[in-house]
Amino acid sequence: MLDVNHVVKKYGKNLACDDITFQLNPGDMTILLGPNGAGKSTIMKSIMGFLKYQGTITVDGMVNKTVDAKKVLGFVPEMPALYPNLTVSEHLEFIARAYKLTNYKDRIEDLLCRFELDDKRKKFGDELSKGMQQKLNLCIGLLPDPKVLLLDEPMIGLDPHAIKELKKYIDQMRSEGKTLLISTHIIDSVDMLWDRTIIMQKGQVKANITKPELEKTGQSLEDLFFSVTEGTKEEEA
Ligand code: ADP
């Protein structure tokens with residue numbers, strides 16, 4: 001469903017993605033783990049076609065920068081980019097029209113209620129607290145209901161209720177067969193159902209393992225993360 005092939009991205013001399021290759025199967029919920037600066041956001045922005053890079057990326061067999069690929073790709077960025085002069089409702093209406101969604105009113109209501117923004121619908125983007133901006137950012141990304149959704153550090157800045165709702169929503173999307181890629185540097189936040197984890201460090205993929213494969217090794221995700229990113233005790237000695 002998503003095919004990332006030998007992607008190299010440099011910011012000046014800084015190699016942010018150093019020959020990244022991975023595939024996501026349809027319906028897989030994949031966790032992209034890695035310390036700060038590992039290159040998680042950069043590979044996500046590359047998949048979305050926001051950056052120039054070397055290598056190829058296809059979505060559902062289509063090159064990611066084509067209009068058809070963009071129709072199946074969705075993104076929740078780490079930093080909300082809201083319009084100060086649009087209200088909460090107007091943001092969602094704008095997205096619905098931009099994506100030419102039909103029968104979207106109930107979906108908007110559902111998202112506003114789930115993320116407790118229903119009493120903020122007339123507030124302007126710049127009147128929202130940081131947490132509310134994050135929630136609106138999430139609603140904007142979820143509204144088009146894409147086949148493939150990337151969420152970059154989606155838990156950051158959310159209150160416990162919103163985190164709980166988001167995890168429920170992610171489980172629901174997974175059961176509907178959506179392909180999900182969720183980045184985080186906080187292993188503790190990965191307590192929802194997942195199928196594959198990819199661990200990045202210093203711009204490289206250091207591990208790519210399915211949940212059944214990890215279970216066979218007897219390691220926890222945390223064990224794997226630290227052995228991959230910090231080395232085992234024997235290697236350090
Ligand atoms: P992560 O999302 O894993 O925290 P990033 O993809 O944001 O990592 O960053 C990977 C590397 O690329 C880091 O060294 C970071 O400083 C650098 N980087 C990210 N964005 C930019 C940018 N716009 N300009 C220059 N360097 C950047």
# chains A, B, ... in the order shown; residues from 1 in each chain; ligands from 1

call {"tool": "residues_near_ligand", "arguments": {"ligand": "ligand 1", "cutoff": "9 Å", "atoms": "only C-alpha atoms and all ligand atoms", "output": "PyMOL selection string"}}
result
chain A and resi 9-12+14-17+33-45+78+152-153+183-185+200-203

call {"tool": "select_by_dssp", "arguments": {"residues": "region 44-138 of chain A", "states": "helix (DSSP H, G or I)", "output": "NGL selection string"}}
result
:A and (44-47 or 67-72 or 88-98 or 105-114 or 118-120 or 125-127 or 130-138)

call {"tool": "write_last_selection", "arguments": {"atoms": "C-alpha atoms", "output": "mmCIF file, in the first residue's frame"}}
result
data_model
loop_
_atom_site.group_PDB
_atom_site.id
_atom_site.type_symbol
_atom_site.label_atom_id
_atom_site.label_comp_id
_atom_site.auth_asym_id
_atom_site.auth_seq_id
_atom_site.Cartn_x
_atom_site.Cartn_y
_atom_site.Cartn_z
ATOM 1 C CA MET A 44 6.614 11.500 6.731
ATOM 2 C CA LYS A 45 6.850 14.865 4.954
ATOM 3 C CA SER A 46 8.649 13.100 2.101
ATOM 4 C CA ILE A 47 5.839 10.523 1.842
ATOM 5 C CA VAL A 67 -3.117 14.048 -7.621
ATOM 6 C CA ASP A 68 -4.568 10.515 -7.457
ATOM 7 C CA ALA A 69 -2.070 9.497 -4.763
ATOM 8 C CA LYS A 70 -2.905 12.627 -2.768
ATOM 9 C CA LYS A 71 -6.567 11.588 -2.753
ATOM 10 C CA VAL A 72 -5.759 8.474 -0.712
ATOM 11 C CA VAL A 88 -13.270 25.902 14.257
ATOM 12 C CA SER A 89 -16.384 25.114 12.178
ATOM 13 C CA GLU A 90 -15.078 27.060 9.192
ATOM 14 C CA HIS A 91 -11.782 25.123 9.248
ATOM 15 C CA LEU A 92 -13.662 21.826 8.996
ATOM 16 C CA GLU A 93 -16.099 23.145 6.379
ATOM 17 C CA PHE A 94 -13.123 24.390 4.343
ATOM 18 C CA ILE A 95 -11.431 20.963 4.467
ATOM 19 C CA ALA A 96 -14.692 19.185 3.582
ATOM 20 C CA ARG A 97 -15.107 21.387 0.489
ATOM 21 C CA ALA A 98 -11.423 21.170 -0.488
ATOM 22 C CA LYS A 105 -21.903 17.157 8.532
ATOM 23 C CA ASP A 106 -22.416 14.169 10.848
ATOM 24 C CA ARG A 107 -18.712 13.323 10.701
ATOM 25 C CA ILE A 108 -17.835 16.880 11.713
ATOM 26 C CA GLU A 109 -20.275 16.690 14.643
ATOM 27 C CA ASP A 110 -18.848 13.335 15.713
ATOM 28 C CA LEU A 111 -15.258 14.624 15.638
ATOM 29 C CA LEU A 112 -16.137 17.857 17.472
ATOM 30 C CA CYS A 113 -17.885 15.860 20.227
ATOM 31 C CA ARG A 114 -15.190 13.190 20.532
ATOM 32 C CA ASP A 118 -18.301 21.183 20.201
ATOM 33 C CA ASP A 119 -18.583 24.251 22.440
ATOM 34 C CA LYS A 120 -15.625 25.933 20.658
ATOM 35 C CA GLY A 125 -7.936 29.666 15.197
ATOM 36 C CA ASP A 126 -5.890 32.205 17.146
ATOM 37 C CA GLU A 127 -8.330 32.163 20.102
ATOM 38 C CA LYS A 130 -2.406 25.077 22.289
ATOM 39 C CA GLY A 131 -4.193 21.861 23.253
ATOM 40 C CA MET A 132 -7.369 22.933 21.434
ATOM 41 C CA GLN A 133 -5.305 23.776 18.357
ATOM 42 C CA GLN A 134 -3.849 20.258 18.480
ATOM 43 C CA LYS A 135 -7.330 18.775 18.706
ATOM 44 C CA LEU A 136 -8.557 20.833 15.749
ATOM 45 C CA ASN A 137 -5.417 19.801 13.853
ATOM 46 C CA LEU A 138 -6.398 16.171 14.495
#

call {"tool": "atom_distance", "arguments": {"atom1": "CA of Thr102 (chain A)", "atom2": "CA of Lys147 (chain A)"}}
result
16.3 Å

call {"tool": "select_by_dssp", "arguments": {"residues": "region 173-232 of chain A", "states": "strand (DSSP E)", "output": "VMD selection string"}}
result
chain A and resid 179 to 184 196 to 201 204 to 210

call {"tool": "closest_atom_pairs", "arguments": {"of": "region 112-196 of chain A", "to": "region 50-62 of chain A", "cutoff": "12 Å", "atoms": "only C-alpha atoms", "output": "tab-separated table"}}
result
residue	atom	partner	partner_atom	distance
A:Pro146	CA	A:Val59	CA	11.8
A:Lys147	CA	A:Asp60	CA	9.3
A:Val148	CA	A:Val59	CA	8.2
A:Leu149	CA	A:Val59	CA	11.0
A:Thr179	CA	A:Val59	CA	10.5

call {"tool": "atom_distance", "arguments": {"atom1": "CA of Phe124 (chain A)", "atom2": "CA of Tyr83 (chain A)"}}
result
8.0 Å

call {"tool": "residues_around", "arguments": {"residues": "region 223-232 of chain A", "least_positions_apart": "4", "cutoff": "10 Å", "atoms": "only C-alpha atoms", "output": "NGL selection string"}}
result
:A and (33-35 or 187 or 197-202 or 205-207 or 209 or 214 or 217-219 or 236-237)

call {"tool": "write_last_selection", "arguments": {"atoms": "N, CA and C atoms", "output": "PDB file, in the first residue's frame"}}
result
ATOM      1  N   LEU A  33       8.968   4.545  15.439  1.00  0.00           N
ATOM      2  CA  LEU A  33       9.601   4.983  16.687  1.00  0.00           C
ATOM      3  C   LEU A  33      10.993   5.529  16.410  1.00  0.00           C
ATOM      4  N   GLY A  34      11.452   6.377  17.311  1.00  0.00           N
ATOM      5  CA  GLY A  34      12.825   6.864  17.175  1.00  0.00           C
ATOM      6  C   GLY A  34      13.030   8.060  18.062  1.00  0.00           C
ATOM      7  N   PRO A  35      14.270   8.266  18.520  1.00  0.00           N
ATOM      8  CA  PRO A  35      14.532   9.434  19.362  1.00  0.00           C
ATOM      9  C   PRO A  35      14.316  10.732  18.583  1.00  0.00           C
ATOM     10  N   ILE A 187       7.639   5.718  23.873  1.00  0.00           N
ATOM     11  CA  ILE A 187       7.222   4.307  23.751  1.00  0.00           C
ATOM     12  C   ILE A 187       5.974   4.041  24.585  1.00  0.00           C
ATOM     13  N   THR A 197       6.333  -2.358  13.753  1.00  0.00           N
ATOM     14  CA  THR A 197       7.038  -1.168  14.239  1.00  0.00           C
ATOM     15  C   THR A 197       8.337  -0.998  13.452  1.00  0.00           C
ATOM     16  N   ILE A 198       8.594   0.251  13.136  1.00  0.00           N
ATOM     17  CA  ILE A 198       9.833   0.601  12.435  1.00  0.00           C
ATOM     18  C   ILE A 198      10.582   1.545  13.369  1.00  0.00           C
ATOM     19  N   ILE A 199      11.825   1.200  13.673  1.00  0.00           N
ATOM     20  CA  ILE A 199      12.593   2.059  14.578  1.00  0.00           C
ATOM     21  C   ILE A 199      13.684   2.766  13.775  1.00  0.00           C
ATOM     22  N   MET A 200      13.676   4.094  13.862  1.00  0.00           N
ATOM     23  CA  MET A 200      14.671   4.896  13.147  1.00  0.00           C
ATOM     24  C   MET A 200      15.647   5.517  14.132  1.00  0.00           C
ATOM     25  N   GLN A 201      16.859   5.682  13.675  1.00  0.00           N
ATOM     26  CA  GLN A 201      17.855   6.420  14.443  1.00  0.00           C
ATOM     27  C   GLN A 201      18.850   7.025  13.471  1.00  0.00           C
ATOM     28  N   LYS A 202      19.218   8.269  13.694  1.00  0.00           N
ATOM     29  CA  LYS A 202      20.187   8.966  12.839  1.00  0.00           C
ATOM     30  C   LYS A 202      19.892   8.784  11.356  1.00  0.00           C
ATOM     31  N   VAL A 205      16.786   3.238   9.151  1.00  0.00           N
ATOM     32  CA  VAL A 205      15.871   2.251   9.748  1.00  0.00           C
ATOM     33  C   VAL A 205      16.731   1.213  10.453  1.00  0.00           C
ATOM     34  N   LYS A 206      16.580   1.129  11.764  1.00  0.00           N
ATOM     35  CA  LYS A 206      17.407   0.194  12.554  1.00  0.00           C
ATOM     36  C   LYS A 206      16.661  -1.098  12.858  1.00  0.00           C
ATOM     37  N   ALA A 207      15.323  -1.059  12.808  1.00  0.00           N
ATOM     38  CA  ALA A 207      14.542  -2.285  13.000  1.00  0.00           C
ATOM     39  C   ALA A 207      13.224  -2.116  12.271  1.00  0.00           C
ATOM     40  N   ILE A 209       9.874  -4.666  12.232  1.00  0.00           N
ATOM     41  CA  ILE A 209       9.451  -5.963  12.754  1.00  0.00           C
ATOM     42  C   ILE A 209       7.943  -5.980  12.986  1.00  0.00           C
ATOM     43  N   LEU A 214       8.078  -9.902  16.862  1.00  0.00           N
ATOM     44  CA  LEU A 214       8.635  -9.411  18.129  1.00  0.00           C
ATOM     45  C   LEU A 214       8.249 -10.345  19.271  1.00  0.00           C
ATOM     46  N   THR A 217      10.448 -13.285  19.747  1.00  0.00           N
ATOM     47  CA  THR A 217      11.772 -13.060  20.349  1.00  0.00           C
ATOM     48  C   THR A 217      11.672 -12.974  21.880  1.00  0.00           C
ATOM     49  N   GLY A 218      10.459 -12.768  22.400  1.00  0.00           N
ATOM     50  CA  GLY A 218      10.286 -12.656  23.849  1.00  0.00           C
ATOM     51  C   GLY A 218      10.642 -11.261  24.369  1.00  0.00           C
ATOM     52  N   GLN A 219      11.057 -10.359  23.469  1.00  0.00           N
ATOM     53  CA  GLN A 219      11.404  -8.996  23.881  1.00  0.00           C
ATOM     54  C   GLN A 219      10.169  -8.114  23.936  1.00  0.00           C
ATOM     55  N   GLU A 236      28.135  -2.352  24.743  1.00  0.00           N
ATOM     56  CA  GLU A 236      28.693  -1.133  25.363  1.00  0.00           C
ATOM     57  C   GLU A 236      30.003  -1.435  26.071  1.00  0.00           C
ATOM     58  N   ALA A 237      30.122  -2.695  26.599  1.00  0.00           N
ATOM     59  CA  ALA A 237      31.281  -3.036  27.430  1.00  0.00           C
ATOM     60  C   ALA A 237      32.564  -3.072  26.594  1.00  0.00           C
TER      61      ALA A 237
END
